[in-house]
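Notes for the one structure printed next.
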Amino acid sequence: MRTLKNIVLVTAPTIVVMLLLLELFFRFVIPATDPPMSRFDEEERIYSFSSERETGRTTFGRFAGIKARWRINNMGWNYPVDYHPVREGKLIAVIGDSYIEAFQVDIDESYPYLLHGMLQPDYEVYAFGKSGAPLSQYLHMSRYVNRHFDPDIIVFNIIHNDFDESVRELYPGKSYFMQIDFEKDGSITETVPRPNYAFPQYTAWKRIVYKSALFRYLDINLNVRSWRRRIAGLDTGRYEANVQPVELMRNRDIVYRATDYCIGKIAEENRDRRVIFVFDAPKGTIYRNETHESHVLWLHGMMAELCSKYGMELLDLIPYMENDYASKGIEFNSEIDGHWNEYGHEFVAHVLYDYLERTSE
């Protein structure tokens with residue numbers, strides 16, 4: 001009874017007070033990230049964001065070294081302005097993953113919005129970014145964009161893990177995105193995106209738990225789940241540009257076939273539109289002056305070959321980033337996070353703007 005009394009009167013209140021103090025600490029001293037909730041549209045079969053909260057702030061790193069404002073617009077995307085299906089003038093749609101979602105920079109510092117400012121009044125620029133989306137999902141997203149907005153130009157923002165994650169066989173856990181499936185007879189089919197019922201949208205207790213700054217800090221800022229994977233020995237491969245080059249090379253044939261299918265479909269479905277692929281560089285090798293030794297250069301060669309095959313435009317950022325870093329020594333991402341920082345977004349916006357000016361009819 002004495003032990004039970006101590007637990008009730010001393011230990012439990014102490015734990016409660018400590019948790020309350022930690023909650024306040026990660027709200028106001030080192031603010032935990034507070035992203036919008038992902039939302040699966042069961043009619044469109046596409047992930048965007050819930051408009052339950054219009055604005056908020058994300059943070060990255062154990063000390064919240066990166067702080068960025070976000071804003072979810074009328075169509076469920078992170079962007080400063082609302083989207084209008086009926087509008088005057090021409091439209092550029094930028095499709096991508098977390099690089100276009102751009103939670104690492106303030107809402108008005110993403111490269112699509114900077115490009116928007118450079119091109120007005122000749123063009124509007126809308127951005128459609130969802131973290132984790134691979135190339136196959138970009139194809140799916142482009143159909144959504146074409147149905148609702150009928151853009152004149154589509155820009156697909158490509159990074160190195162867009163290719164293998166498009167293959168269902170290699171990433172079966174990403175069934176909430178459209179992927180490429182290889183049948184036994186060698187034919188190729190597209191999977192139908194399914195909602196992830198483990199996401200907070202479908203799980204009431206997770207929506208409640210994620211209201212806690214302490215929980216968000218542990219789960220997202222510290223990413224304790226990755227610690228568990230390391231301890232279990234599940235993350236043992238060497239990474240470059242967010243892929244495991246050895247594993248990627250092992251699956252080179254099916255990665256090529258899936259990419260060929262996606263680029264071919266994009267070309268087929270956008271015959272009356274201009275299509276530009278913007279391909280990020282392996283930034284780490286550029287900083288070390290070792291780009292020629294990169295193990296992912298074959299992906300750049302593959303994209304050049306397939307874009308040429310289907311008459312698509314490719315803006316490969318490698319030479320632009322190499323030249324800029326050699327002359328200025330400014331990195332395109334922070335030490336905390338591998339995504340583009342403010343300088344990276346500004347840099348890509350200027351490169352794409354100059355490219356559009358140079359190649360305009």
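Simple scheme: letters A, B, ... for chains in structure tokens order, numbers from 1 for residues in each chain, numbers from 1 for ligands in the order shown.
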
Neighbour list for Arg57 of chain A as a PyMOL selection string, cut-off 7 Å, only C-alpha atoms, skip fewer than 2 positions in-chain: chain A and resi 33-35+59+67-70

Grab the residues selected above and save them as a tab-separated table (two decimals), in the first residue's frame with all heavy atoms.
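That gives us out_34.tsv:
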chain	number	residue	atom	x	y	z
A	33	THR	N	8.11	20.43	-35.29
A	33	THR	CA	7.46	20.66	-36.58
A	33	THR	C	5.96	20.46	-36.46
A	33	THR	O	5.49	19.64	-35.64
A	33	THR	CB	8.04	19.72	-37.65
A	33	THR	OG1	7.57	20.13	-38.94
A	33	THR	CG2	7.66	18.27	-37.40
A	34	ASP	N	5.21	21.19	-37.24
A	34	ASP	CA	3.74	21.11	-37.18
A	34	ASP	C	3.18	21.15	-38.61
A	34	ASP	O	2.59	22.13	-39.03
A	34	ASP	CB	3.19	22.27	-36.36
A	34	ASP	CG	1.72	22.09	-36.02
A	34	ASP	OD1	1.20	20.96	-36.18
A	34	ASP	OD2	1.08	23.08	-35.61
A	35	PRO	N	3.39	20.07	-39.37
A	35	PRO	CA	2.98	20.06	-40.78
A	35	PRO	C	1.48	19.87	-40.93
A	35	PRO	O	0.79	19.44	-39.99
A	35	PRO	CB	3.73	18.86	-41.35
A	35	PRO	CG	3.82	17.91	-40.18
A	35	PRO	CD	4.00	18.79	-38.97
A	59	THR	N	9.47	22.59	-38.84
A	59	THR	CA	10.84	22.76	-38.39
A	59	THR	C	11.60	21.47	-38.68
A	59	THR	O	10.99	20.40	-38.79
A	59	THR	CB	10.92	23.09	-36.88
A	59	THR	OG1	10.46	21.95	-36.13
A	59	THR	CG2	10.11	24.31	-36.53
A	67	LYS	N	13.29	26.58	-39.90
A	67	LYS	CA	11.89	26.92	-39.60
A	67	LYS	C	11.28	27.51	-40.86
A	67	LYS	O	11.88	28.40	-41.48
A	67	LYS	CB	11.80	27.92	-38.45
A	67	LYS	CG	12.40	27.44	-37.13
A	67	LYS	CD	12.26	28.51	-36.07
A	67	LYS	CE	12.85	28.06	-34.74
A	67	LYS	NZ	14.33	27.97	-34.81
A	68	ALA	N	10.12	27.01	-41.25
A	68	ALA	CA	9.52	27.47	-42.49
A	68	ALA	C	8.00	27.56	-42.36
A	68	ALA	O	7.37	26.70	-41.74
A	68	ALA	CB	9.89	26.53	-43.64
A	69	ARG	N	7.43	28.58	-42.95
A	69	ARG	CA	5.98	28.78	-42.95
A	69	ARG	C	5.35	28.05	-44.14
A	69	ARG	O	5.90	28.06	-45.23
A	69	ARG	CB	5.64	30.26	-43.04
A	69	ARG	CG	6.07	31.09	-41.83
A	69	ARG	CD	5.78	32.56	-42.04
A	69	ARG	NE	6.64	33.16	-43.07
A	69	ARG	CZ	6.25	33.47	-44.29
A	69	ARG	NH1	5.01	33.24	-44.68
A	69	ARG	NH2	7.09	34.02	-45.14
A	70	TRP	N	4.19	27.44	-43.92
A	70	TRP	CA	3.45	26.82	-45.01
A	70	TRP	C	2.04	27.37	-45.06
A	70	TRP	O	1.53	27.95	-44.10
A	70	TRP	CB	3.42	25.30	-44.90
A	70	TRP	CG	2.94	24.72	-43.59
A	70	TRP	CD1	3.71	24.27	-42.56
A	70	TRP	CD2	1.58	24.51	-43.18
A	70	TRP	NE1	2.92	23.80	-41.53
A	70	TRP	CE2	1.61	23.93	-41.87
A	70	TRP	CE3	0.34	24.75	-43.77
A	70	TRP	CZ2	0.46	23.60	-41.17
A	70	TRP	CZ3	-0.81	24.42	-43.06
A	70	TRP	CH2	-0.76	23.85	-41.79

Long-range neighbours of segment 242-252 of chain A as a PyMOL selection string, 9 Å cut-off, only C-alpha atoms, 4 positions minimum in chain: chain A and resi 159-161+164+170+237-238+256-257+295-296+338

Give me, as a tab-separated table, the closest atom pair and its distance (Å, one decimal) for every residue of segment 268-332 of chain A within a cut-off of 12 Å of segment 133-146 of chain A, counting only C-alpha atoms, rows sorted by chain and rising number.
residue	atom	partner	partner_atom	distance
A:Glu268	CA	A:Leu139	CA	11.1
A:Glu269	CA	A:Arg143	CA	8.4
A:Asn270	CA	A:Asn146	CA	8.8
A:Asp272	CA	A:Asn146	CA	11.3
A:Arg273	CA	A:Asn146	CA	10.0
A:Val275	CA	A:Ser142	CA	10.7
A:Phe277	CA	A:Leu135	CA	10.8
A:Phe279	CA	A:Leu135	CA	11.6
A:Met303	CA	A:Leu135	CA	11.7

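Using only C-alpha atoms, the nearest neighbour of Phe26 of chain A within the list A:Leu314, A:Ala127, A:Ile66, A:Leu218 is A:Leu218.
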
Identify, with DSSP run on backbone atoms, the residues in segment 13-156 of chain A assigned to strand (DSSP E), and express the list as an MDAnalysis selection string. chainID A and resid 38:41 46:49 55:60 66:71 90:96 123:129 153:156

Let's have the selection written as an mmCIF file, in the first residue's frame, with N, CA and C atoms.
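After the write, part.cif holds the following:
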data_model
loop_
_atom_site.group_PDB
_atom_site.id
_atom_site.type_symbol
_atom_site.label_atom_id
_atom_site.label_comp_id
_atom_site.auth_asym_id
_atom_site.auth_seq_id
_atom_site.Cartn_x
_atom_site.Cartn_y
_atom_site.Cartn_z
ATOM 1 N N SER A 38 -1.813 15.057 -44.312
ATOM 2 C CA SER A 38 -2.018 14.540 -45.669
ATOM 3 C C SER A 38 -3.467 14.102 -45.845
ATOM 4 N N ARG A 39 -3.974 14.266 -47.049
ATOM 5 C CA ARG A 39 -5.368 13.910 -47.325
ATOM 6 C C ARG A 39 -5.462 13.141 -48.639
ATOM 7 N N PHE A 40 -6.057 11.961 -48.578
ATOM 8 C CA PHE A 40 -6.258 11.161 -49.784
ATOM 9 C C PHE A 40 -7.643 11.467 -50.343
ATOM 10 N N ASP A 41 -7.689 11.972 -51.576
ATOM 11 C CA ASP A 41 -8.949 12.236 -52.268
ATOM 12 C C ASP A 41 -9.388 10.941 -52.936
ATOM 13 N N ILE A 46 -5.681 10.566 -55.212
ATOM 14 C CA ILE A 46 -4.438 11.319 -55.156
ATOM 15 C C ILE A 46 -4.276 11.939 -53.768
ATOM 16 N N TYR A 47 -3.029 11.999 -53.299
ATOM 17 C CA TYR A 47 -2.723 12.614 -52.014
ATOM 18 C C TYR A 47 -2.351 14.074 -52.194
ATOM 19 N N SER A 48 -2.980 14.928 -51.385
ATOM 20 C CA SER A 48 -2.567 16.324 -51.260
ATOM 21 C C SER A 48 -2.609 16.632 -49.756
ATOM 22 N N PHE A 49 -3.233 17.764 -49.364
ATOM 23 C CA PHE A 49 -3.245 18.121 -47.945
ATOM 24 C C PHE A 49 -4.627 18.571 -47.506
ATOM 25 N N THR A 55 -2.671 27.556 -42.389
ATOM 26 C CA THR A 55 -1.280 27.966 -42.238
ATOM 27 C C THR A 55 -0.641 27.257 -41.043
ATOM 28 N N GLY A 56 0.683 27.235 -41.038
ATOM 29 C CA GLY A 56 1.420 26.624 -39.942
ATOM 30 C C GLY A 56 2.914 26.742 -40.185
ATOM 31 N N ARG A 57 3.669 25.979 -39.390
ATOM 32 C CA ARG A 57 5.126 26.066 -39.502
ATOM 33 C C ARG A 57 5.743 24.680 -39.355
ATOM 34 N N THR A 58 6.694 24.384 -40.214
ATOM 35 C CA THR A 58 7.489 23.172 -40.098
ATOM 36 C C THR A 58 8.863 23.540 -39.545
ATOM 37 N N THR A 59 9.466 22.594 -38.837
ATOM 38 C CA THR A 59 10.841 22.762 -38.388
ATOM 39 C C THR A 59 11.598 21.475 -38.675
ATOM 40 N N PHE A 60 12.907 21.576 -38.809
ATOM 41 C CA PHE A 60 13.740 20.415 -39.106
ATOM 42 C C PHE A 60 14.970 20.440 -38.214
ATOM 43 N N ILE A 66 15.964 24.625 -38.968
ATOM 44 C CA ILE A 66 15.216 25.134 -40.117
ATOM 45 C C ILE A 66 13.785 25.373 -39.661
ATOM 46 N N LYS A 67 13.287 26.575 -39.903
ATOM 47 C CA LYS A 67 11.895 26.916 -39.603
ATOM 48 C C LYS A 67 11.281 27.510 -40.858
ATOM 49 N N ALA A 68 10.124 27.013 -41.247
ATOM 50 C CA ALA A 68 9.519 27.473 -42.495
ATOM 51 C C ALA A 68 7.999 27.558 -42.362
ATOM 52 N N ARG A 69 7.429 28.585 -42.948
ATOM 53 C CA ARG A 69 5.979 28.778 -42.947
ATOM 54 C C ARG A 69 5.345 28.051 -44.140
ATOM 55 N N TRP A 70 4.192 27.435 -43.918
ATOM 56 C CA TRP A 70 3.453 26.819 -45.012
ATOM 57 C C TRP A 70 2.036 27.374 -45.063
ATOM 58 N N ARG A 71 1.411 27.158 -46.245
ATOM 59 C CA ARG A 71 0.032 27.603 -46.440
ATOM 60 C C ARG A 71 -0.657 26.656 -47.430
ATOM 61 N N LYS A 90 -1.612 32.028 -69.761
ATOM 62 C CA LYS A 90 -1.022 30.701 -69.860
ATOM 63 C C LYS A 90 -0.611 30.191 -68.481
ATOM 64 N N LEU A 91 -0.446 28.872 -68.399
ATOM 65 C CA LEU A 91 -0.136 28.247 -67.121
ATOM 66 C C LEU A 91 1.021 27.267 -67.251
ATOM 67 N N ILE A 92 1.938 27.324 -66.288
ATOM 68 C CA ILE A 92 2.980 26.314 -66.111
ATOM 69 C C ILE A 92 2.650 25.540 -64.840
ATOM 70 N N ALA A 93 2.567 24.222 -64.939
ATOM 71 C CA ALA A 93 2.330 23.358 -63.781
ATOM 72 C C ALA A 93 3.632 22.650 -63.440
ATOM 73 N N VAL A 94 4.068 22.781 -62.197
ATOM 74 C CA VAL A 94 5.289 22.119 -61.729
ATOM 75 C C VAL A 94 4.879 20.957 -60.828
ATOM 76 N N ILE A 95 5.275 19.747 -61.208
ATOM 77 C CA ILE A 95 4.886 18.528 -60.500
ATOM 78 C C ILE A 95 6.127 17.890 -59.893
ATOM 79 N N GLY A 96 6.020 17.455 -58.634
ATOM 80 C CA GLY A 96 7.172 16.822 -58.010
ATOM 81 C C GLY A 96 6.851 16.253 -56.643
ATOM 82 N N TYR A 123 2.784 34.289 -67.666
ATOM 83 C CA TYR A 123 2.414 32.946 -67.194
ATOM 84 C C TYR A 123 2.021 32.974 -65.717
ATOM 85 N N GLU A 124 1.061 32.127 -65.387
ATOM 86 C CA GLU A 124 0.842 31.716 -64.000
ATOM 87 C C GLU A 124 1.678 30.456 -63.781
ATOM 88 N N VAL A 125 2.105 30.233 -62.556
ATOM 89 C CA VAL A 125 2.821 29.002 -62.213
ATOM 90 C C VAL A 125 2.147 28.386 -60.998
ATOM 91 N N TYR A 126 1.688 27.140 -61.134
ATOM 92 C CA TYR A 126 1.100 26.393 -60.029
ATOM 93 C C TYR A 126 2.022 25.228 -59.677
ATOM 94 N N ALA A 127 2.080 24.889 -58.390
ATOM 95 C CA ALA A 127 2.945 23.793 -57.937
ATOM 96 C C ALA A 127 2.107 22.672 -57.329
ATOM 97 N N PHE A 128 2.487 21.437 -57.652
ATOM 98 C CA PHE A 128 1.804 20.250 -57.144
ATOM 99 C C PHE A 128 2.864 19.295 -56.607
ATOM 100 N N GLY A 129 3.138 19.405 -55.306
ATOM 101 C CA GLY A 129 4.196 18.597 -54.708
ATOM 102 C C GLY A 129 3.696 17.785 -53.541
ATOM 103 N N ILE A 153 2.385 24.334 -70.197
ATOM 104 C CA ILE A 153 3.687 23.706 -69.985
ATOM 105 C C ILE A 153 3.622 22.902 -68.691
ATOM 106 N N ILE A 154 4.170 21.681 -68.721
ATOM 107 C CA ILE A 154 4.311 20.895 -67.495
ATOM 108 C C ILE A 154 5.801 20.707 -67.217
ATOM 109 N N VAL A 155 6.202 21.030 -66.009
ATOM 110 C CA VAL A 155 7.575 20.807 -65.557
ATOM 111 C C VAL A 155 7.536 19.674 -64.538
ATOM 112 N N PHE A 156 8.275 18.610 -64.816
ATOM 113 C CA PHE A 156 8.395 17.501 -63.872
ATOM 114 C C PHE A 156 9.737 17.635 -63.159
#

For Asn221 of chain A, work out the shell of residues within 6 Å, counting only C-alpha atoms and skipping chain neighbours fewer than 4 positions away, then give it as a PyMOL selection string. chain A and resi 60-62+217

I need the chosen residues saved as a PDB file, in the first residue's frame, with N, CA, C and O atoms.
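File result.pdb, as written:
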ATOM      1  N   PHE A  60      12.907  21.576 -38.809  1.00  0.00           N
ATOM      2  CA  PHE A  60      13.740  20.415 -39.106  1.00  0.00           C
ATOM      3  C   PHE A  60      14.970  20.440 -38.214  1.00  0.00           C
ATOM      4  O   PHE A  60      15.523  21.500 -37.920  1.00  0.00           O
ATOM      5  N   GLY A  61      15.392  19.242 -37.814  1.00  0.00           N
ATOM      6  CA  GLY A  61      16.587  19.106 -37.003  1.00  0.00           C
ATOM      7  C   GLY A  61      16.270  19.062 -35.520  1.00  0.00           C
ATOM      8  O   GLY A  61      15.217  19.519 -35.065  1.00  0.00           O
ATOM      9  N   ARG A  62      17.209  18.522 -34.745  1.00  0.00           N
ATOM     10  CA  ARG A  62      16.992  18.359 -33.307  1.00  0.00           C
ATOM     11  C   ARG A  62      16.886  19.682 -32.580  1.00  0.00           C
ATOM     12  O   ARG A  62      16.290  19.762 -31.500  1.00  0.00           O
ATOM     13  N   TYR A 217       7.951  16.097 -32.067  1.00  0.00           N
ATOM     14  CA  TYR A 217       9.399  16.288 -32.004  1.00  0.00           C
ATOM     15  C   TYR A 217      10.124  14.947 -32.052  1.00  0.00           C
ATOM     16  O   TYR A 217      11.085  14.774 -32.805  1.00  0.00           O
TER      17      TYR A 217
END

If we count only C-alpha atoms, what is near Ser110 of chain A at a cut-off of 8 Å, once residues fewer than 2 positions away on the same chain are taken out, given as a list in words?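 Using only C-alpha atoms, the neighbours found are Ile100, Ala102, Val105, Asp106, Ile107, Asp108, Pro112, Tyr113, Leu114, Glu342, His345 and Glu346 of chain A.
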
Expected file contents, prior selection, all heavy atoms, as a compact mmCIF listing (two decimals), in the first residue's frame:
# COMPACT_ATOMS: atom_id res chain seq x y z
N ILE A 100 9.16 19.99 -54.36
CA ILE A 100 8.15 20.95 -54.81
C ILE A 100 7.16 21.24 -53.68
O ILE A 100 6.65 22.35 -53.57
CB ILE A 100 7.44 20.43 -56.07
CG1 ILE A 100 8.46 20.17 -57.17
CG2 ILE A 100 6.37 21.41 -56.55
CD1 ILE A 100 9.34 21.37 -57.52
N ALA A 102 8.12 21.55 -50.71
CA ALA A 102 8.96 22.66 -50.22
C ALA A 102 8.64 23.11 -48.80
O ALA A 102 8.56 24.31 -48.52
CB ALA A 102 8.88 23.84 -51.19
N VAL A 105 11.42 25.56 -46.81
CA VAL A 105 11.58 27.01 -46.99
C VAL A 105 10.22 27.68 -46.78
O VAL A 105 9.18 27.03 -46.87
CB VAL A 105 12.13 27.36 -48.39
CG1 VAL A 105 13.53 26.81 -48.57
CG2 VAL A 105 11.21 26.86 -49.50
N ASP A 106 10.24 28.97 -46.51
CA ASP A 106 8.99 29.70 -46.37
C ASP A 106 8.18 29.59 -47.65
O ASP A 106 8.73 29.46 -48.75
CB ASP A 106 9.26 31.17 -46.05
CG ASP A 106 9.59 31.39 -44.58
OD1 ASP A 106 9.25 30.52 -43.75
OD2 ASP A 106 10.21 32.44 -44.26
N ILE A 107 6.89 29.70 -47.51
CA ILE A 107 5.95 29.44 -48.59
C ILE A 107 6.22 30.28 -49.84
O ILE A 107 6.00 29.85 -50.96
CB ILE A 107 4.50 29.65 -48.09
CG1 ILE A 107 3.48 29.26 -49.15
CG2 ILE A 107 4.30 31.08 -47.61
CD1 ILE A 107 3.52 27.81 -49.52
N ASP A 108 6.74 31.48 -49.65
CA ASP A 108 6.99 32.36 -50.80
C ASP A 108 8.42 32.26 -51.32
O ASP A 108 8.84 33.08 -52.13
CB ASP A 108 6.67 33.81 -50.44
CG ASP A 108 7.43 34.31 -49.21
OD1 ASP A 108 8.16 33.49 -48.59
OD2 ASP A 108 7.29 35.50 -48.87
N PRO A 112 8.87 27.23 -57.66
CA PRO A 112 7.73 27.53 -58.53
C PRO A 112 7.15 28.93 -58.28
O PRO A 112 6.78 29.63 -59.23
CB PRO A 112 6.72 26.43 -58.17
CG PRO A 112 7.57 25.30 -57.70
CD PRO A 112 8.68 25.95 -56.94
N TYR A 113 7.09 29.34 -57.00
CA TYR A 113 6.53 30.66 -56.73
C TYR A 113 7.49 31.77 -57.14
O TYR A 113 7.06 32.83 -57.63
CB TYR A 113 6.17 30.80 -55.26
CG TYR A 113 5.40 32.07 -54.98
CD1 TYR A 113 4.12 32.25 -55.50
CD2 TYR A 113 5.96 33.10 -54.23
CE1 TYR A 113 3.41 33.42 -55.27
CE2 TYR A 113 5.26 34.28 -53.99
CZ TYR A 113 3.98 34.43 -54.51
OH TYR A 113 3.29 35.59 -54.30
N LEU A 114 8.79 31.56 -56.97
CA LEU A 114 9.76 32.54 -57.47
C LEU A 114 9.66 32.66 -58.98
O LEU A 114 9.72 33.77 -59.54
CB LEU A 114 11.17 32.13 -57.06
CG LEU A 114 11.46 32.12 -55.55
CD1 LEU A 114 12.86 31.58 -55.30
CD2 LEU A 114 11.31 33.51 -54.95
N GLU A 342 16.94 27.95 -49.27
CA GLU A 342 16.47 29.15 -49.97
C GLU A 342 17.33 29.44 -51.20
O GLU A 342 16.81 29.79 -52.27
CB GLU A 342 16.48 30.36 -49.03
CG GLU A 342 15.44 30.31 -47.94
CD GLU A 342 15.91 29.56 -46.71
OE1 GLU A 342 16.99 28.93 -46.76
OE2 GLU A 342 15.20 29.60 -45.68
N HIS A 345 16.50 26.92 -54.05
CA HIS A 345 15.26 27.23 -54.77
C HIS A 345 15.43 28.44 -55.67
O HIS A 345 14.96 28.45 -56.82
CB HIS A 345 14.12 27.47 -53.76
CG HIS A 345 13.49 26.21 -53.26
ND1 HIS A 345 12.46 25.57 -53.93
CD2 HIS A 345 13.74 25.45 -52.16
CE1 HIS A 345 12.10 24.50 -53.26
NE2 HIS A 345 12.87 24.39 -52.19
N GLU A 346 16.09 29.46 -55.16
CA GLU A 346 16.32 30.65 -55.97
C GLU A 346 17.18 30.32 -57.19
O GLU A 346 16.91 30.78 -58.31
CB GLU A 346 17.00 31.73 -55.13
CG GLU A 346 17.23 33.03 -55.88
CD GLU A 346 17.94 34.07 -55.03
OE1 GLU A 346 18.32 33.75 -53.88
OE2 GLU A 346 18.13 35.20 -55.51

Counting only C-alpha atoms, which residue out of A:Ser51, A:Ser131, A:Thr191, A:Gln179 sits closest to Gln104 of chain A?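 Using only C-alpha atoms, the shortest distance to Gln104 of chain A belongs to A:Ser131.
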
Apply DSSP to the structure's backbone, then extract all residues of segment 70-219 of chain A labelled helix (DSSP H, G or I) and return them as a count of residues only. 56

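Checking A:Asp185, A:Glu240, A:Asp253, A:Glu305 one by one against Ala281 of chain A, counting only C-alpha atoms, you find the shortest gap at A:Glu240.
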
Write out as a ChimeraX atom specification the residues lying within 12 Å of Ile330 of chain A, counting only C-alpha atoms and excluding same-chain residues fewer than 2 positions away. /A:283,286-287,321-328,332-335,340-344,347

Next, dump the selected residues to file, keeping only N, CA, C and O atoms, as a short mmCIF file (atom, residue, chain, number, x, y, z; two decimals), in the first residue's frame.
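What landed in result_18.cif:
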data_model
loop_
_atom_site.label_atom_id
_atom_site.label_comp_id
_atom_site.auth_asym_id
_atom_site.auth_seq_id
_atom_site.Cartn_x
_atom_site.Cartn_y
_atom_site.Cartn_z
N LYS A 283 24.24 16.39 -55.37
CA LYS A 283 24.87 17.59 -54.81
C LYS A 283 26.12 17.28 -53.98
O LYS A 283 27.08 18.04 -53.99
N ILE A 286 29.18 17.10 -56.01
CA ILE A 286 29.58 18.43 -56.50
C ILE A 286 30.37 19.16 -55.43
O ILE A 286 31.41 19.78 -55.71
N TYR A 287 29.92 19.08 -54.17
CA TYR A 287 30.64 19.76 -53.09
C TYR A 287 32.05 19.20 -52.91
O TYR A 287 32.96 19.92 -52.51
N MET A 321 24.88 23.52 -61.57
CA MET A 321 25.28 23.50 -60.16
C MET A 321 26.79 23.39 -60.01
O MET A 321 27.38 24.01 -59.10
N GLU A 322 27.42 22.62 -60.87
CA GLU A 322 28.89 22.53 -60.83
C GLU A 322 29.53 23.89 -61.02
O GLU A 322 30.42 24.29 -60.26
N ASN A 323 29.11 24.61 -62.04
CA ASN A 323 29.69 25.91 -62.33
C ASN A 323 29.43 26.92 -61.22
O ASN A 323 30.31 27.69 -60.83
N ASP A 324 28.20 26.91 -60.71
CA ASP A 324 27.83 27.87 -59.67
C ASP A 324 28.60 27.59 -58.38
O ASP A 324 29.11 28.52 -57.74
N TYR A 325 28.70 26.32 -58.00
CA TYR A 325 29.40 25.99 -56.75
C TYR A 325 30.90 26.27 -56.88
O TYR A 325 31.54 26.73 -55.93
N ALA A 326 31.45 26.02 -58.07
CA ALA A 326 32.88 26.28 -58.27
C ALA A 326 33.19 27.76 -58.15
O ALA A 326 34.27 28.15 -57.66
N SER A 327 32.25 28.62 -58.57
CA SER A 327 32.53 30.05 -58.55
C SER A 327 32.13 30.71 -57.23
O SER A 327 32.78 31.66 -56.79
N LYS A 328 31.09 30.21 -56.56
CA LYS A 328 30.58 30.88 -55.35
C LYS A 328 30.80 30.08 -54.07
O LYS A 328 30.83 30.65 -52.98
N PHE A 332 23.58 24.18 -52.00
CA PHE A 332 22.18 24.29 -52.40
C PHE A 332 21.22 23.69 -51.38
O PHE A 332 20.01 23.76 -51.54
N ASN A 333 21.76 23.07 -50.34
CA ASN A 333 20.96 22.54 -49.26
C ASN A 333 21.68 22.82 -47.94
O ASN A 333 22.87 23.14 -47.92
N SER A 334 20.96 22.69 -46.83
CA SER A 334 21.56 22.93 -45.53
C SER A 334 22.22 21.66 -45.01
O SER A 334 22.00 20.57 -45.54
N GLU A 335 23.00 21.80 -43.95
CA GLU A 335 23.61 20.63 -43.32
C GLU A 335 22.57 19.77 -42.64
O GLU A 335 22.77 18.57 -42.45
N TRP A 340 16.58 21.29 -51.13
CA TRP A 340 17.09 22.62 -51.45
C TRP A 340 16.76 23.60 -50.34
O TRP A 340 15.65 23.60 -49.79
N ASN A 341 17.71 24.46 -50.02
CA ASN A 341 17.47 25.57 -49.11
C ASN A 341 17.00 26.78 -49.91
O ASN A 341 16.70 26.66 -51.11
N GLU A 342 16.94 27.95 -49.27
CA GLU A 342 16.47 29.15 -49.97
C GLU A 342 17.33 29.44 -51.20
O GLU A 342 16.81 29.79 -52.27
N TYR A 343 18.65 29.29 -51.04
CA TYR A 343 19.52 29.55 -52.18
C TYR A 343 19.28 28.54 -53.29
O TYR A 343 19.27 28.90 -54.48
N GLY A 344 19.08 27.28 -52.93
CA GLY A 344 18.83 26.25 -53.93
C GLY A 344 17.58 26.53 -54.74
O GLY A 344 17.57 26.41 -55.97
N PHE A 347 18.17 29.49 -56.99
CA PHE A 347 19.06 29.10 -58.07
C PHE A 347 18.30 28.35 -59.17
O PHE A 347 18.42 28.67 -60.36
#

Among the residues A:His300, A:Arg194, A:His339, A:Lys211, the one that comes closest to Asp97 of chain A [using only C-alpha atoms]: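 Checking each candidate against Asp97 of chain A, we get A:His339 as the closest.
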